[in-house]
$ cat final.tsv   # TSV, C-alpha atoms
chain	number	residue	atom	x	y	z
A	183	MET	CA	0.00	0.00	0.00
A	184	LYS	CA	1.10	3.55	-0.73
A	185	ILE	CA	0.42	6.13	1.98
A	186	LEU	CA	0.84	9.86	1.43
A	187	THR	CA	1.81	11.82	4.56
A	188	VAL	CA	1.01	15.52	4.65
A	189	ASN	CA	2.08	18.44	6.83
A	190	ALA	CA	0.18	21.54	5.71
A	191	GLY	CA	1.16	25.01	6.87
A	192	SER	CA	-0.53	28.30	6.04
A	193	SER	CA	1.74	28.78	3.01
A	194	SER	CA	3.50	25.42	2.77
A	195	LEU	CA	2.89	21.73	2.18
A	196	LYS	CA	5.38	18.98	3.06
A	197	PHE	CA	4.74	15.43	1.90
A	198	ASN	CA	6.14	11.90	1.75
A	199	LEU	CA	4.88	8.88	-0.14
A	200	ILE	CA	5.68	5.70	1.76
A	201	SER	CA	5.16	2.08	0.73
A	202	LEU	CA	3.92	-0.17	3.54
A	203	PRO	CA	4.43	-2.61	5.10
A	204	GLU	CA	7.94	-2.40	3.55
A	205	ARG	CA	8.46	1.10	5.11
A	206	THR	CA	10.08	2.33	1.87
A	207	GLU	CA	10.03	6.06	1.15
A	208	LEU	CA	9.24	6.52	-2.55
A	209	VAL	CA	9.33	10.30	-2.75
A	210	SER	CA	9.31	13.38	-0.52
A	211	GLY	CA	9.03	17.09	-1.08
A	212	ASN	CA	8.01	20.54	0.01
A	213	PHE	CA	5.83	23.26	-1.53
A	214	GLU	CA	6.59	26.77	-0.28
A	215	LYS	CA	5.12	30.27	-0.64
A	216	ILE	CA	1.63	28.99	-1.43
A	217	GLY	CA	-0.67	31.97	-1.95
A	218	LEU	CA	2.23	34.30	-2.65
A	219	SER	CA	3.45	35.70	-5.97
A	220	GLU	CA	6.58	33.52	-6.28
A	221	GLY	CA	6.03	29.92	-5.25
A	222	ILE	CA	8.63	27.18	-5.28
A	223	TYR	CA	8.66	23.45	-4.73
A	224	SER	CA	11.25	20.70	-4.46
A	225	ILE	CA	10.82	16.93	-4.79
A	226	LYS	CA	13.35	14.25	-3.86
A	227	ILE	CA	13.24	10.97	-5.81
A	228	ASN	CA	15.89	8.24	-5.46
A	229	GLY	CA	18.39	10.74	-4.08
A	230	SER	CA	17.83	13.22	-6.93
A	231	LYS	CA	16.19	16.57	-6.28
A	232	ILE	CA	13.79	18.37	-8.61
A	233	LYS	CA	13.34	22.08	-7.92
A	234	LYS	CA	10.80	24.26	-9.73
A	235	GLU	CA	9.11	27.64	-9.51
A	236	ALA	CA	5.33	27.87	-9.76
A	237	VAL	CA	2.55	30.26	-8.90
A	238	MET	CA	0.27	28.48	-6.42
A	239	LYS	CA	-2.75	30.57	-5.49
A	240	ASP	CA	-3.86	28.00	-2.89
A	241	HIS	CA	-3.24	24.50	-1.53
A	242	LYS	CA	-5.47	23.00	-4.21
A	243	VAL	CA	-3.04	24.15	-6.92
A	244	ALA	CA	-0.08	22.79	-4.92
A	245	ILE	CA	-1.79	19.39	-4.66
A	246	GLU	CA	-2.53	19.37	-8.39
A	247	LEU	CA	1.19	19.98	-9.03
A	248	LEU	CA	2.09	17.24	-6.55
A	249	ILE	CA	-0.17	14.71	-8.26
A	250	LYS	CA	1.18	15.72	-11.68
A	251	GLU	CA	4.78	15.17	-10.51
A	252	LEU	CA	3.90	11.75	-9.05
A	253	LEU	CA	2.36	10.71	-12.37
A	254	ASP	CA	4.99	12.32	-14.63
A	255	ASN	CA	7.84	10.71	-12.69
A	256	LYS	CA	6.02	7.35	-12.73
A	257	ILE	CA	5.93	7.10	-8.93
A	258	ILE	CA	2.32	6.09	-9.45
A	259	SER	CA	0.53	5.11	-12.66
A	260	SER	CA	-2.88	6.33	-11.45
A	261	LEU	CA	-4.48	7.98	-8.43
A	262	ASP	CA	-5.90	4.57	-7.47
A	263	GLU	CA	-2.43	3.67	-6.18
A	264	ILE	CA	-2.71	6.17	-3.33
A	265	ASP	CA	-4.38	4.08	-0.64
A	266	GLY	CA	-4.49	6.65	2.17
A	267	VAL	CA	-3.50	10.16	3.22
A	268	GLY	CA	-2.19	10.81	6.72
A	269	HIS	CA	-2.32	14.41	7.94
A	270	ARG	CA	-0.14	15.82	10.70
A	271	LEU	CA	-2.47	17.80	12.94
A	272	VAL	CA	-0.92	19.95	15.64
A	273	HIS	CA	-3.64	20.16	18.28
A	274	GLY	CA	-6.37	17.70	19.21
A	275	GLY	CA	-6.90	19.12	22.70
A	276	ASP	CA	-8.06	16.40	25.08
A	277	LYS	CA	-10.54	15.14	22.47
A	278	TYR	CA	-8.13	12.79	20.71
A	279	ALA	CA	-5.82	10.36	22.49
A	280	SER	CA	-4.98	8.53	19.26
A	281	SER	CA	-5.04	9.01	15.51
A	282	VAL	CA	-8.47	8.99	13.85
A	283	VAL	CA	-10.06	8.52	10.45
A	284	ILE	CA	-11.02	12.01	9.30
A	285	ASP	CA	-14.71	12.70	8.73
A	286	ASP	CA	-16.83	15.86	8.87
A	287	GLU	CA	-17.12	15.61	12.66
A	288	VAL	CA	-13.32	15.47	13.09
A	289	ILE	CA	-12.88	18.48	10.79
A	290	LYS	CA	-15.47	20.42	12.81
A	291	THR	CA	-13.78	19.53	16.11
A	292	VAL	CA	-10.29	20.47	14.89
A	293	GLU	CA	-11.70	23.81	13.69
A	294	GLU	CA	-13.28	24.36	17.12
A	295	LEU	CA	-9.88	23.70	18.74
A	296	SER	CA	-8.19	26.38	16.61
A	297	SER	CA	-8.07	28.79	19.56
A	298	LEU	CA	-5.54	26.41	21.14
A	299	ALA	CA	-3.32	26.46	18.02
A	300	PRO	CA	-4.36	29.51	15.96
A	301	LEU	CA	-1.32	29.36	13.66
A	302	HIS	CA	-1.50	25.63	12.95
A	303	ASN	CA	-4.97	24.09	13.12
A	304	PRO	CA	-6.53	26.38	10.46
A	305	ALA	CA	-3.60	25.62	8.12
A	306	ASN	CA	-3.95	21.88	8.78
A	307	ILE	CA	-7.65	22.11	7.89
A	308	LEU	CA	-6.78	23.85	4.61
A	309	GLY	CA	-4.68	20.81	3.70
A	310	ILE	CA	-7.41	18.35	4.65
A	311	LYS	CA	-10.10	20.14	2.63
A	312	ALA	CA	-7.83	20.49	-0.41
A	313	PHE	CA	-6.95	16.77	-0.39
A	314	LYS	CA	-10.59	15.85	0.21
A	315	GLU	CA	-11.44	17.67	-3.01
A	316	ALA	CA	-8.48	16.28	-5.01
A	317	LEU	CA	-8.79	12.67	-3.77
A	318	PRO	CA	-12.45	12.29	-2.69
A	319	ASN	CA	-12.39	8.48	-2.54
A	320	VAL	CA	-9.15	8.09	-0.59
A	321	PRO	CA	-9.48	7.62	3.20
A	322	MET	CA	-7.70	10.22	5.31
A	323	VAL	CA	-6.33	9.94	8.84
A	324	GLY	CA	-5.49	12.69	11.34
A	325	VAL	CA	-2.35	12.17	13.46
A	326	PHE	CA	-2.19	14.66	16.33
A	327	ASP	CA	1.00	16.03	17.89
A	328	THR	CA	-0.80	16.13	21.22
A	329	ALA	CA	-2.40	12.66	21.14
A	330	PHE	CA	0.45	10.59	22.60
A	331	HIS	CA	0.50	12.73	25.75
A	332	GLN	CA	-3.19	12.30	26.57
A	333	THR	CA	-2.28	9.36	28.82
A	334	MET	CA	-0.87	11.79	31.40
A	335	ASP	CA	-2.66	11.88	34.76
A	336	LYS	CA	-4.32	15.05	36.03
A	337	GLU	CA	-1.63	15.53	38.63
A	338	GLU	CA	0.87	15.74	35.77
A	339	PHE	CA	-1.05	17.86	33.27
A	340	LEU	CA	-2.87	20.35	35.49
A	341	TYR	CA	-1.39	23.72	36.44
A	342	SER	CA	-1.72	25.01	40.00
A	343	VAL	CA	-4.21	27.70	38.99
A	344	PRO	CA	-7.94	27.85	39.78
A	345	TYR	CA	-9.48	24.54	38.70
A	346	SER	CA	-12.15	26.48	36.81
A	347	TRP	CA	-9.46	27.55	34.31
A	348	TYR	CA	-9.25	23.90	33.25
A	349	LYS	CA	-13.00	23.25	33.37
A	350	ASP	CA	-14.04	26.43	31.57
A	351	TYR	CA	-11.13	27.20	29.26
A	352	GLN	CA	-9.24	23.89	28.85
A	353	ILE	CA	-6.05	25.40	30.30
A	354	ARG	CA	-3.69	22.49	31.00
A	355	LYS	CA	-0.48	20.91	29.79
A	356	TYR	CA	-1.02	19.23	26.40
A	357	GLY	CA	2.52	18.47	25.27
A	358	PHE	CA	3.78	18.35	21.69
A	359	HIS	CA	6.24	16.36	19.55
A	360	GLY	CA	3.94	13.45	20.41
A	361	THR	CA	4.36	11.78	17.02
A	362	SER	CA	8.14	11.75	17.44
A	363	HIS	CA	8.00	10.46	21.02
A	364	LYS	CA	5.48	7.80	19.95
A	365	TYR	CA	7.81	6.70	17.14
A	366	ILE	CA	10.75	6.43	19.56
A	367	THR	CA	8.60	4.46	22.00
A	368	LYS	CA	7.44	2.06	19.27
A	369	THR	CA	11.02	1.63	18.02
A	370	MET	CA	12.34	0.87	21.51
A	371	GLN	CA	9.50	-1.57	22.17
A	372	GLU	CA	10.62	-3.46	19.07
A	373	LYS	CA	14.32	-3.27	19.97
A	374	LEU	CA	13.85	-4.35	23.57
A	375	GLY	CA	11.11	-6.88	22.85
A	376	LYS	CA	8.73	-5.55	25.49
A	377	GLU	CA	5.61	-3.35	25.50
A	378	ASP	CA	5.85	-1.81	28.98
A	379	VAL	CA	9.04	0.16	28.34
A	380	ASN	CA	10.22	2.94	30.63
A	381	LEU	CA	12.04	5.59	28.61
A	382	ILE	CA	13.35	9.12	28.73
A	383	SER	CA	12.94	10.33	25.16
A	384	CYS	CA	14.93	13.46	24.28
A	385	HIS	CA	13.73	15.18	21.10
A	386	ILE	CA	16.37	17.88	20.76
A	387	GLY	CA	16.31	20.19	17.74
A	388	SER	CA	15.55	23.86	17.13
A	389	GLY	CA	12.47	23.01	19.15
A	390	GLY	CA	13.04	20.55	21.97
A	391	SER	CA	11.07	18.43	24.40
A	392	LEU	CA	11.60	15.46	26.67
A	393	CYS	CA	9.03	12.77	27.35
A	394	CYS	CA	8.87	10.48	30.36
A	395	VAL	CA	7.46	7.20	29.04
A	396	LYS	CA	6.15	4.84	31.73
A	397	ASN	CA	4.93	1.37	30.79
A	398	GLY	CA	4.90	2.35	27.12
A	399	LYS	CA	2.77	5.47	27.61
A	400	SER	CA	3.47	9.16	28.02
A	401	PHE	CA	3.61	9.90	31.73
A	402	ASP	CA	4.95	13.46	31.58
A	403	THR	CA	6.51	15.82	29.05
A	404	THR	CA	8.26	19.18	29.09
A	405	MET	CA	6.10	21.19	26.67
A	406	GLY	CA	2.86	22.48	28.10
A	407	PHE	CA	-0.20	24.48	27.08
A	408	THR	CA	1.96	25.65	24.19
A	409	PRO	CA	5.32	24.48	22.81
A	410	ASN	CA	6.98	27.42	24.61
A	411	ALA	CA	7.31	25.52	27.89
A	412	GLY	CA	10.05	23.32	29.28
A	413	LEU	CA	13.46	23.47	27.65
A	414	LEU	CA	15.29	26.50	26.36
A	415	MET	CA	15.17	26.14	22.55
A	416	GLY	CA	16.42	27.82	19.37
A	417	THR	CA	14.22	30.90	19.74
A	418	ARG	CA	11.81	29.91	22.54
A	419	SER	CA	12.44	30.82	26.16
A	420	GLY	CA	11.11	27.65	27.74
A	421	ASP	CA	10.14	27.91	31.42
A	422	ILE	CA	10.31	31.37	32.98
A	423	ASP	CA	8.77	33.10	36.00
A	424	TYR	CA	5.50	34.53	34.67
A	425	SER	CA	5.97	37.72	36.74
A	426	VAL	CA	8.76	38.72	34.35
A	427	ILE	CA	6.07	39.58	31.77
A	428	PRO	CA	4.11	42.36	33.57
A	429	TYR	CA	7.39	43.71	34.98
A	430	TYR	CA	8.97	43.98	31.51
A	431	ILE	CA	5.80	45.56	30.08
A	432	GLU	CA	5.78	48.17	32.87
A	433	LYS	CA	9.46	48.99	32.35
A	434	THR	CA	9.43	49.18	28.53
A	435	GLY	CA	5.89	49.99	27.48
A	436	VAL	CA	5.75	47.14	24.98
A	437	THR	CA	2.49	45.28	24.41
A	438	LEU	CA	1.62	41.79	25.61
A	439	SER	CA	1.63	40.65	21.97
A	440	GLU	CA	5.18	41.99	21.53
A	441	VAL	CA	6.35	40.13	24.64
A	442	ASP	CA	4.76	36.94	23.31
A	443	THR	CA	6.72	37.37	20.07
A	444	ILE	CA	9.96	37.94	22.00
A	445	LEU	CA	9.47	34.83	24.13
A	446	ASN	CA	8.66	32.66	21.11
A	447	LYS	CA	10.91	34.07	18.39
A	448	LYS	CA	13.71	36.08	19.99
A	449	SER	CA	14.62	34.13	23.12
A	450	GLY	CA	16.32	30.79	23.82
A	451	LEU	CA	19.71	30.31	22.18
A	452	PHE	CA	19.09	33.37	20.02
A	453	GLY	CA	18.19	35.56	22.98
A	454	ILE	CA	21.16	34.57	25.13
A	455	SER	CA	23.78	34.57	22.38
A	456	GLU	CA	22.23	37.70	20.79
A	457	LYS	CA	23.14	36.16	17.42
A	458	TYR	CA	22.32	32.54	16.76
A	459	SER	CA	19.28	30.27	16.99
A	460	ASP	CA	21.02	27.29	15.32
A	461	HIS	CA	23.20	25.26	17.68
A	462	ARG	CA	25.75	24.68	14.91
A	463	ASP	CA	26.37	28.43	14.90
A	464	ILE	CA	26.52	28.38	18.70
A	465	GLU	CA	29.22	25.69	18.50
A	466	GLU	CA	31.21	27.78	16.04
A	467	GLY	CA	30.88	30.79	18.33
A	468	MET	CA	32.10	28.70	21.27
A	469	ASN	CA	35.14	27.62	19.24
A	470	ASN	CA	35.82	31.29	18.53
A	471	GLY	CA	35.69	32.12	22.24
A	472	GLU	CA	32.34	33.96	22.23
A	473	GLU	CA	31.28	33.98	25.88
A	474	LEU	CA	27.55	34.37	25.23
A	475	CYS	CA	27.59	31.29	22.99
A	476	VAL	CA	29.25	29.32	25.78
A	477	LEU	CA	26.62	30.61	28.19
A	478	ALA	CA	23.71	29.74	25.86
A	479	ASN	CA	25.05	26.21	25.30
A	480	ASN	CA	25.60	25.60	29.01
A	481	MET	CA	22.10	26.80	29.87
A	482	TYR	CA	20.63	24.44	27.26
A	483	VAL	CA	22.65	21.49	28.57
A	484	ASN	CA	21.62	22.24	32.15
A	485	ARG	CA	17.90	22.43	31.32
A	486	ILE	CA	18.04	19.04	29.61
A	487	VAL	CA	19.97	17.52	32.53
A	488	ASP	CA	17.42	18.91	34.99
A	489	TYR	CA	14.53	17.19	33.21
A	490	ILE	CA	16.37	13.90	32.68
A	491	ALA	CA	17.10	13.78	36.41
A	492	LYS	CA	13.47	14.62	37.20
A	493	TYR	CA	12.15	11.88	34.94
A	494	TYR	CA	14.70	9.38	36.26
A	495	VAL	CA	13.18	9.92	39.70
A	496	LYS	CA	9.60	9.71	38.35
A	497	LEU	CA	10.50	6.29	36.93
A	498	ASN	CA	12.03	5.23	40.28
A	499	GLY	CA	15.37	4.72	38.56
A	500	LYS	CA	13.87	1.87	36.50
A	501	VAL	CA	14.74	3.27	33.07
A	502	ASP	CA	15.04	0.86	30.13
A	503	ALA	CA	16.71	3.47	27.92
A	504	LEU	CA	17.59	7.12	27.55
A	505	VAL	CA	17.16	8.08	23.88
A	506	PHE	CA	18.50	11.08	21.94
A	507	THR	CA	16.69	11.99	18.73
A	508	ALA	CA	15.94	14.85	16.28
A	509	GLY	CA	18.49	17.12	14.61
A	510	LEU	CA	20.67	18.04	17.56
A	511	GLY	CA	20.11	14.82	19.47
A	512	GLU	CA	21.07	12.70	16.46
A	513	ASN	CA	24.06	14.70	15.24
A	514	ALA	CA	25.64	16.86	17.97
A	515	ARG	CA	28.14	14.41	19.46
A	516	GLU	CA	29.89	16.88	21.78
A	517	PHE	CA	26.55	18.21	23.02
A	518	ARG	CA	25.30	14.70	23.88
A	519	GLU	CA	28.49	14.04	25.79
A	520	GLU	CA	28.16	17.29	27.74
A	521	VAL	CA	24.66	16.27	28.83
A	522	LEU	CA	25.68	12.73	29.76
A	523	SER	CA	28.80	13.80	31.67
A	524	LYS	CA	26.53	15.65	34.11
A	525	LEU	CA	24.55	12.44	34.76
A	526	GLU	CA	27.42	10.31	36.03
A	527	CYS	CA	26.08	10.57	39.58
A	528	LEU	CA	23.12	8.48	38.37
A	529	GLY	CA	25.52	5.85	37.04
A	530	ILE	CA	24.90	6.89	33.42
A	531	LEU	CA	28.22	6.54	31.61
A	532	VAL	CA	28.94	7.61	28.03
A	533	ASP	CA	31.34	5.71	25.77
A	534	HIS	CA	33.37	8.56	24.28
A	535	GLU	CA	34.65	6.62	21.24
A	536	VAL	CA	31.31	5.15	20.24
A	537	ASN	CA	29.48	8.44	20.76
A	538	ASN	CA	31.96	10.17	18.43
A	539	LYS	CA	31.17	7.71	15.65
A	540	ILE	CA	27.41	8.33	15.58
A	541	ALA	CA	25.96	11.19	13.54
A	542	GLY	CA	23.87	11.19	10.39
A	543	TYR	CA	26.54	12.98	8.37
A	544	LEU	CA	29.04	10.27	9.38
A	545	ASP	CA	26.78	7.61	7.81
A	546	ILE	CA	26.24	5.91	11.19
A	547	ASN	CA	23.07	7.44	12.56
A	548	GLU	CA	22.05	5.17	15.41
A	549	GLY	CA	23.37	2.94	18.15
A	550	ILE	CA	24.12	2.61	21.87
A	551	ILE	CA	26.55	5.27	23.10
A	552	SER	CA	26.80	4.25	26.75
A	553	LYS	CA	29.33	1.96	28.41
A	554	GLU	CA	28.35	-1.60	29.26
A	555	GLU	CA	28.40	-0.86	32.96
A	556	SER	CA	26.12	2.20	32.58
A	557	SER	CA	23.07	2.08	34.85
A	558	VAL	CA	20.92	3.11	31.88
A	559	PRO	CA	21.67	2.26	28.24
A	560	VAL	CA	21.79	5.41	26.12
A	561	TYR	CA	20.65	5.24	22.50
A	562	VAL	CA	20.76	7.53	19.50
A	563	ILE	CA	17.72	6.78	17.32
A	564	PRO	CA	16.70	8.91	14.31
A	565	THR	CA	13.10	9.99	14.61
A	566	ASN	CA	10.72	9.50	11.69
A	567	GLU	CA	7.45	11.34	12.21
A	568	GLU	CA	6.42	10.79	8.59
A	569	LEU	CA	6.75	7.02	8.97
A	570	MET	CA	4.78	7.15	12.23
A	571	ILE	CA	1.99	9.05	10.45
A	572	ALA	CA	2.05	6.50	7.63
A	573	LEU	CA	1.96	3.55	10.06
A	574	ASP	CA	-1.04	4.99	11.94
A	575	THR	CA	-2.81	5.67	8.64
A	576	TYR	CA	-2.04	2.16	7.37
A	577	GLU	CA	-3.35	0.59	10.58
A	578	LEU	CA	-6.58	2.60	10.66
A	579	ILE	CA	-7.57	2.20	7.00
A	580	ASN	CA	-7.00	-1.54	7.30

$ encode --input "final.tsv" --output "structure tokens"
Amino acid sequence: MKILTVNAGSSSLKFNLISLPERTELVSGNFEKIGLSEGIYSIKINGSKIKKEAVMKDHKVAIELLIKELLDNKIISSLDEIDGVGHRLVHGGDKYASSVVIDDEVIKTVEELSSLAPLHNPANILGIKAFKEALPNVPMVGVFDTAFHQTMDKEEFLYSVPYSWYKDYQIRKYGFHGTSHKYITKTMQEKLGKEDVNLISCHIGSGGSLCCVKNGKSFDTTMGFTPNAGLLMGTRSGDIDYSVIPYYIEKTGVTLSEVDTILNKKSGLFGISEKYSDHRDIEEGMNNGEELCVLANNMYVNRIVDYIAKYYVKLNGKVDALVFTAGLGENAREFREEVLSKLECLGILVDHEVNNKIAGYLDINEGIISKEESSVPVYVIPTNEELMIALDTYELIN
């Protein structure tokens, strides 16, 4: 079966076509600047990349171009070969604890939840409606970023604010990166040959979150009501004292909206270093002796260590694996070692030589990087959210 995975933004559309159950990626690509005067798209087939310019007035036009490229490049011989479409949906609130077949009721509910993700849910719906029109007979599945975390208990997901805030306005921790953490959990269940795995999953990229997985389910996670909670990230502040906000507004006269933009887009690594949101640039700055880059890196390391230690305790020290994934987690060897060196008091011991050999650009992208005597085995596992979306879609339409 051929499953198309879709991640629709307000002006973009990312896709993968995956053959299952073989788990073979046939093609992937990205349409950008949809609705703008100068659109562009790129498609990767068998290692070769096609890049073209095109005016795309809406997502419908982008999908028509996508279908044309699939047919012209003989990826499919007819639309009948597309057996399902899996959509990445950012926010399902507490309505969806798993992926679902999309029908009119699901579309209505996701639209109603748009206040929880005003930048993402409306864009996701655009993608669904456009594909529904282009492929009316193909079943579609919604895979929510928040779904995996809906197994958290109230004592983990509630904030210590008036309970009516939760009852009346759905204010609670939702968590994100759920599709990635679910993929890591599924992968480790297969590797370890057990369902009830206890994991600390570290999705570290420009956005970052940790997930405490207990008995194969999300028990706690670092992101909260929005993705701007938990870790310091590329441009996000992560956890701060909320009283900073009214104080800063009083001192500067900026608006609440401007502060929100600063905390989401001008903080984190970028805010501390005053230059860089990409950790690769931070590393270069550190090598050049830039003190603020050293400070930003150390703060990031310390936040991750804090949460690993917290989750280690929540799992009573019974941790089957600590897993690094996503761009930074998979590739930044020195960064991983910095984190792990601060966990030696827990008996977690990194193997320096093995760790140095694992990074995607070194052609070895996964493996165990801890010593044999380590109290917890430490893995590097590449995440694959697209495959997870495809697998959920495959399972539901069958």

$ closest_residue --input "final.tsv" --among "A:Ile257, A:Val532, A:Leu414, A:Val436" --to "Gly453 in chain A" --atoms "only C-alpha atoms"
A:Leu414

$ closest_residue --input "final.tsv" --among "A:Gly435, A:Pro300, A:Gly416, A:Pro318" --to "His461 in chain A" --atoms "all atoms listed in the file"
A:Gly416

$ closest_residue --input "final.tsv" --among "A:Ala312, A:Val323, A:Ala329, A:Val560" --to "Val288 in chain A" --atoms "only C-alpha atoms"
A:Val323

$ closest_residue --input "final.tsv" --among "A:Ile222, A:Ile444, A:Leu528, A:Ile454" --to "Ile431 in chain A" --atoms "all atoms listed in the file"
A:Ile444

$ atom_distance --input "final.tsv" --atom1 "CA of His359 in chain A" --atom2 "CA of Asn547 in chain A"
20.3 Å

$ residues_around --input "final.tsv" --residues "Glu263 in chain A" --least-positions-apart "4" --cutoff "10 Å" --atoms "only C-alpha atoms" --output "JSON, numbers by chain"
{"A": [183, 184, 185, 257, 258, 259, 320]}

$ closest_residue --input "final.tsv" --among "A:Lys457, A:His534, A:His269, A:Lys433" --to "Lys553 in chain A" --atoms "all atoms listed in the file"
A:His534

$ residues_around --input "final.tsv" --residues "range 494-507 of chain A" --least-positions-apart "5" --cutoff "8 Å" --atoms "all atoms listed in the file" --output "PyMOL selection string"
chain A and resi 366+379-386+394+396+512+518+558-565

$ residues_around --input "final.tsv" --residues "Ala572 in chain A" --least-positions-apart "4" --cutoff "10 Å" --atoms "only C-alpha atoms" --output "list of chain:residue names"
A:Lys184, A:Ile185, A:Leu186, A:Thr187, A:Val188, A:Asn198, A:Leu199, A:Ile200, A:Ser201, A:Leu202, A:Pro203, A:Arg205, A:Gly266, A:Val267, A:Gly268, A:His269, A:Val323, A:Val325, A:Glu567, A:Glu568, A:Tyr576, A:Glu577, A:Leu578

$ residues_around --input "final.tsv" --residues "Leu544 in chain A" --least-positions-apart "5" --cutoff "10 Å" --atoms "all atoms listed in the file" --output "list in words"
Asn513, Asn538 and Lys539 of chain A

$ write_last_selection --input "final.tsv" --atoms "C-alpha atoms" --output "PDB file, in the frame of the given file"
ATOM      1  CA  ASN A 513      24.060  14.700  15.240  1.00  0.00           C
ATOM      2  CA  ASN A 538      31.960  10.170  18.430  1.00  0.00           C
ATOM      3  CA  LYS A 539      31.170   7.710  15.650  1.00  0.00           C
TER       4      LYS A 539
END

$ closest_residue --input "final.tsv" --among "A:Asn306, A:Thr404, A:Gln352, A:Asn484" --to "Ile289 in chain A" --atoms "only C-alpha atoms"
A:Asn306

$ atom_distance --input "final.tsv" --atom1 "CA of Glu246 in chain A" --atom2 "CA of Ala316 in chain A"
7.5 Å

$ atom_distance --input "final.tsv" --atom1 "CA of Lys355 in chain A" --atom2 "CA of Leu340 in chain A"
6.2 Å

$ residues_near_point --input "final.tsv" --point "(-5.9, 13.4, 36.6)" --cutoff "12 Å" --atoms "all atoms listed in the file" --output "VMD selection string"
chain A and resid 332 to 341 345 348 354 to 355 401 to 402

$ residues_around --input "final.tsv" --residues "Glu465 in chain A" --least-positions-apart "4" --cutoff "10 Å" --atoms "only C-alpha atoms" --output "short mmCIF file (atom, residue, chain, number, x, y, z; two decimals) with C-alpha atoms, in the frame of the given file"
data_model
loop_
_atom_site.label_atom_id
_atom_site.label_comp_id
_atom_site.auth_asym_id
_atom_site.auth_seq_id
_atom_site.Cartn_x
_atom_site.Cartn_y
_atom_site.Cartn_z
CA TYR A 458 22.32 32.54 16.76
CA ASP A 460 21.02 27.29 15.32
CA HIS A 461 23.20 25.26 17.68
CA ASN A 469 35.14 27.62 19.24
CA ASN A 470 35.82 31.29 18.53
CA GLY A 471 35.69 32.12 22.24
CA GLU A 472 32.34 33.96 22.23
CA CYS A 475 27.59 31.29 22.99
CA VAL A 476 29.25 29.32 25.78
CA ASN A 479 25.05 26.21 25.30
CA ALA A 514 25.64 16.86 17.97
CA GLU A 516 29.89 16.88 21.78
CA PHE A 517 26.55 18.21 23.02
#

$ build_atoms --input "final.tsv" --residues "range 532-545 of chain A" --atoms "N, CA and C atoms" --output "JSON list (two decimals), keeping the file's coordinate frame"
[["chain", "number", "residue", "atom", "x", "y", "z"],
["A", 532, "VAL", "N", 28.83, 7.54, 29.48],
["A", 532, "VAL", "CA", 28.94, 7.61, 28.03],
["A", 532, "VAL", "C", 30.22, 6.95, 27.55],
["A", 533, "ASP", "N", 30.16, 6.27, 26.42],
["A", 533, "ASP", "CA", 31.34, 5.71, 25.77],
["A", 533, "ASP", "C", 31.81, 6.75, 24.75],
["A", 534, "HIS", "N", 32.89, 7.43, 25.08],
["A", 534, "HIS", "CA", 33.37, 8.56, 24.28],
["A", 534, "HIS", "C", 33.62, 8.16, 22.83],
["A", 535, "GLU", "N", 34.29, 7.04, 22.61],
["A", 535, "GLU", "CA", 34.65, 6.62, 21.24],
["A", 535, "GLU", "C", 33.42, 6.28, 20.41],
["A", 536, "VAL", "N", 32.51, 5.53, 20.98],
["A", 536, "VAL", "CA", 31.31, 5.15, 20.24],
["A", 536, "VAL", "C", 30.44, 6.37, 19.96],
["A", 537, "ASN", "N", 30.28, 7.23, 20.95],
["A", 537, "ASN", "CA", 29.48, 8.44, 20.76],
["A", 537, "ASN", "C", 30.02, 9.29, 19.61],
["A", 538, "ASN", "N", 31.34, 9.36, 19.49],
["A", 538, "ASN", "CA", 31.96, 10.17, 18.43],
["A", 538, "ASN", "C", 31.74, 9.60, 17.04],
["A", 539, "LYS", "N", 31.35, 8.35, 16.95],
["A", 539, "LYS", "CA", 31.17, 7.71, 15.65],
["A", 539, "LYS", "C", 29.74, 7.83, 15.13],
["A", 540, "ILE", "N", 28.83, 8.34, 15.96],
["A", 540, "ILE", "CA", 27.41, 8.33, 15.58],
["A", 540, "ILE", "C", 26.89, 9.74, 15.29],
["A", 541, "ALA", "N", 26.61, 9.97, 14.03],
["A", 541, "ALA", "CA", 25.96, 11.19, 13.54],
["A", 541, "ALA", "C", 25.52, 10.92, 12.11],
["A", 542, "GLY", "N", 24.40, 11.46, 11.72],
["A", 542, "GLY", "CA", 23.87, 11.19, 10.39],
["A", 542, "GLY", "C", 24.84, 11.50, 9.28],
["A", 543, "TYR", "N", 25.60, 12.59, 9.43],
["A", 543, "TYR", "CA", 26.54, 12.98, 8.37],
["A", 543, "TYR", "C", 27.79, 12.11, 8.36],
["A", 544, "LEU", "N", 27.93, 11.23, 9.36],
["A", 544, "LEU", "CA", 29.04, 10.27, 9.38],
["A", 544, "LEU", "C", 28.60, 8.91, 8.86],
["A", 545, "ASP", "N", 27.36, 8.83, 8.39],
["A", 545, "ASP", "CA", 26.78, 7.61, 7.81],
["A", 545, "ASP", "C", 26.47, 6.53, 8.84]]
